[in-house]
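Chemist: Quick one: the structure is below, and I'll ask about it shortly.
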Amino acid sequence: MADFSIREVEGMRQVRVDIAGETVRARRGAMSTMRGDIKLTPRLPGFGDIFRSIFTSEARIRPYYSGSGSIMLQPSLAGYHLLDVEDGEAWILEPEIYWASEGDVALGMRREPFWSSLWAGDGLFTWKTTLRNPGRVAINAPGPVEVVDVDGELRVQGRLVLGRTEGLKFSSRPAARWPRSMISGQKRLRVFTGKGKALVCWTPYWNEHLYRRMTGESIEGALLE
C-alpha cells in the first residue's frame, strides 16, 4: 500500500508519496521531484475523455508512477486532504480537486444534471471526477477539511463542499422564498440531499486567502522555474 503524507514547510504544504513496487497516479504536471527507481508513464486519453475535455477544465491525462522510491508533488499555499475510499463506496469530486491516488482507485467522470449546474453558476455542462475501488486519494483543499455525515440536507453558500459520496444529490435553490430572497443578502445555495458523506472546507488557510485577495490568482505549477 502506497504511503501518502502531507508536510508543511514555511507555510506551504506538499504531498509526499512513498511506493515499494507499487503504482500511483497524479494530476498532470503535479510532480516536483522523484527519488528511487520510479518510471513515469503518461497514458493517452480515450475518445470519451477527449470529448468531455471540451466541456470541463479537468485534465484528461493523469500520469502513472510505478516502481520503488518517493515522489514529492508540487507545494502550495493552499492545502491537501487525504481521503480513504472504502470498499463499495463511490465519491464525486468537484472540478480541479483531484491531486493523486493509488493505482487501484478507479477514476471516472460524471455529469451533473443540466438545470442544477446552470442555476448553481457552473455552466451548461459540469463534469466531475468520480472515485471507486478501495485506496487512498489526495485532493486539493483551500483550507482544513471536515468529513460531514449528511442524513437529510446540507445547504451551503459558495463552493465549500469539495466532494461527496454518491448517495447525496446536488441541486441549487434560493436562500428564501421570493421576494424575500431578493432582500436576504444571500446568493443561491448549493444543496446536497440524501444520505452520505461530504468533504467540507469551512474556511481557507489565511496565507492562501491573503494571496488570492491581493493578486486575484492562485499559485499553480512549479514555483522555482
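In the C-alpha cells, chains take the letters A, B, ... in the order shown, each chain's residues start at 1, and ligands count up from 1 in the order shown.
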Counting only C-alpha atoms, what is within 9 Å of Asp84 in chain A, bar same-chain residues fewer than 2 positions away, as a PyMOL selection string?
Modeler: chain A and resi 82+86+134-138
Chemist: Please measure the separation of CA of Gly103 in chain A and CA of Ala30 in chain A, giving the value in Å to one decimal.
Modeler: 15.7 Å
Chemist: What does the distance between CA of Arg155 in chain A and CA of Arg190 in chain A come to in Å, to one decimal place?
Modeler: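 Taking CA of Arg155 in chain A as the start and CA of Arg190 in chain A as the end point, the length is 5.8 Å.
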Chemist: Which residues come within 8 Å of Asn207 in chain A, counting only C-alpha atoms, excluding same-chain residues fewer than 6 positions away, as a PyMOL selection string?
Modeler: chain A and resi 11+77-78
Chemist: Mind writing the picked residues with all heavy atoms as an mmCIF file, in the first residue's frame?
Modeler:
```
data_model
loop_
_atom_site.group_PDB
_atom_site.id
_atom_site.type_symbol
_atom_site.label_atom_id
_atom_site.label_comp_id
_atom_site.auth_asym_id
_atom_site.auth_seq_id
_atom_site.Cartn_x
_atom_site.Cartn_y
_atom_site.Cartn_z
ATOM 1 N N GLY A 11 5.020 27.628 5.740
ATOM 2 C CA GLY A 11 3.638 27.987 5.439
ATOM 3 C C GLY A 11 3.080 27.361 4.173
ATOM 4 O O GLY A 11 1.952 27.680 3.784
ATOM 5 N N LEU A 77 0.355 27.097 -1.342
ATOM 6 C CA LEU A 77 -0.077 27.889 -0.193
ATOM 7 C C LEU A 77 -1.382 27.347 0.369
ATOM 8 O O LEU A 77 -1.685 27.535 1.550
ATOM 9 C CB LEU A 77 -0.263 29.356 -0.591
ATOM 10 C CG LEU A 77 1.000 30.204 -0.734
ATOM 11 C CD1 LEU A 77 0.643 31.562 -1.293
ATOM 12 C CD2 LEU A 77 1.720 30.347 0.592
ATOM 13 N N ALA A 78 -2.174 26.716 -0.482
ATOM 14 C CA ALA A 78 -3.391 26.048 -0.030
ATOM 15 C C ALA A 78 -2.982 24.721 0.601
ATOM 16 O O ALA A 78 -1.831 24.539 0.997
ATOM 17 C CB ALA A 78 -4.359 25.851 -1.201
#
```
Chemist: Using CA of Lys39 in chain A and CA of Ile19 in chain A as the two end points, give the distance in Å to one decimal.
Modeler: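 Spanning CA of Lys39 in chain A to CA of Ile19 in chain A is a straight-line distance of 11.6 Å.
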Chemist: At a cut-off of 8 Å, using only C-alpha atoms, what residues contact Arg13 in chain A? Leave out same-chain residues fewer than 2 positions from it and give the result as a compact mmCIF listing (two decimals) with all heavy atoms, in the first residue's frame.
Modeler:
```txt
# COMPACT_ATOMS: atom_id res chain seq x y z
N ILE A 6 1.48 14.41 4.20
CA ILE A 6 1.48 15.84 3.89
C ILE A 6 2.47 16.52 4.82
O ILE A 6 2.42 16.35 6.04
CB ILE A 6 0.08 16.45 4.08
CG1 ILE A 6 -0.94 15.77 3.16
CG2 ILE A 6 0.11 17.95 3.81
CD1 ILE A 6 -2.36 16.19 3.40
N ARG A 7 3.39 17.29 4.25
CA ARG A 7 4.34 18.03 5.08
C ARG A 7 4.11 19.52 4.89
O ARG A 7 3.62 19.97 3.85
CB ARG A 7 5.78 17.65 4.74
CG ARG A 7 6.28 18.20 3.40
CD ARG A 7 7.78 17.98 3.29
NE ARG A 7 8.33 18.71 2.16
CZ ARG A 7 9.63 18.90 1.97
NH1 ARG A 7 10.50 18.39 2.83
NH2 ARG A 7 10.09 19.58 0.92
N GLU A 8 4.48 20.30 5.92
CA GLU A 8 4.33 21.75 5.88
C GLU A 8 5.66 22.41 6.18
O GLU A 8 6.29 22.13 7.21
CB GLU A 8 3.28 22.21 6.88
CG GLU A 8 3.02 23.71 6.85
CD GLU A 8 1.85 24.13 7.71
OE1 GLU A 8 1.12 23.24 8.20
OE2 GLU A 8 1.66 25.34 7.90
N VAL A 9 6.11 23.26 5.26
CA VAL A 9 7.37 23.97 5.40
C VAL A 9 7.16 25.43 4.99
O VAL A 9 6.63 25.69 3.89
CB VAL A 9 8.49 23.35 4.54
CG1 VAL A 9 9.79 24.12 4.71
CG2 VAL A 9 8.69 21.89 4.91
N GLY A 11 5.02 27.63 5.74
CA GLY A 11 3.64 27.99 5.44
C GLY A 11 3.08 27.36 4.17
O GLY A 11 1.95 27.68 3.78
N VAL A 15 2.45 17.20 -0.80
CA VAL A 15 2.14 15.77 -0.66
C VAL A 15 3.36 14.95 -1.04
O VAL A 15 3.98 15.18 -2.08
CB VAL A 15 0.94 15.37 -1.55
CG1 VAL A 15 0.73 13.86 -1.53
CG2 VAL A 15 -0.33 16.08 -1.08
N PRO A 75 4.36 21.96 -4.18
CA PRO A 75 3.87 22.62 -2.96
C PRO A 75 2.83 23.69 -3.28
O PRO A 75 2.74 24.17 -4.41
CB PRO A 75 5.14 23.24 -2.36
CG PRO A 75 6.00 23.50 -3.55
CD PRO A 75 5.72 22.39 -4.53
N SER A 76 2.08 24.07 -2.28
CA SER A 76 1.02 25.05 -2.47
C SER A 76 0.78 25.84 -1.19
O SER A 76 0.98 25.33 -0.08
CB SER A 76 -0.27 24.34 -2.89
OG SER A 76 -1.36 25.24 -2.91
N LEU A 77 0.36 27.10 -1.34
CA LEU A 77 -0.08 27.89 -0.19
C LEU A 77 -1.38 27.35 0.37
O LEU A 77 -1.68 27.54 1.55
CB LEU A 77 -0.26 29.36 -0.59
CG LEU A 77 1.00 30.20 -0.73
CD1 LEU A 77 0.64 31.56 -1.29
CD2 LEU A 77 1.72 30.35 0.59
N ALA A 78 -2.17 26.72 -0.48
CA ALA A 78 -3.39 26.05 -0.03
C ALA A 78 -2.98 24.72 0.60
O ALA A 78 -1.83 24.54 1.00
CB ALA A 78 -4.36 25.85 -1.20
N GLY A 79 -3.89 23.79 0.74
CA GLY A 79 -3.55 22.55 1.40
C GLY A 79 -4.01 21.33 0.65
O GLY A 79 -4.47 21.42 -0.50
N TYR A 80 -3.90 20.20 1.31
CA TYR A 80 -4.31 18.92 0.75
C TYR A 80 -5.02 18.11 1.82
O TYR A 80 -4.81 18.31 3.02
CB TYR A 80 -3.09 18.16 0.21
CG TYR A 80 -2.35 18.92 -0.86
CD1 TYR A 80 -1.22 19.67 -0.54
CD2 TYR A 80 -2.79 18.93 -2.18
CE1 TYR A 80 -0.54 20.40 -1.51
CE2 TYR A 80 -2.12 19.65 -3.15
CZ TYR A 80 -1.01 20.38 -2.81
OH TYR A 80 -0.34 21.11 -3.77
```
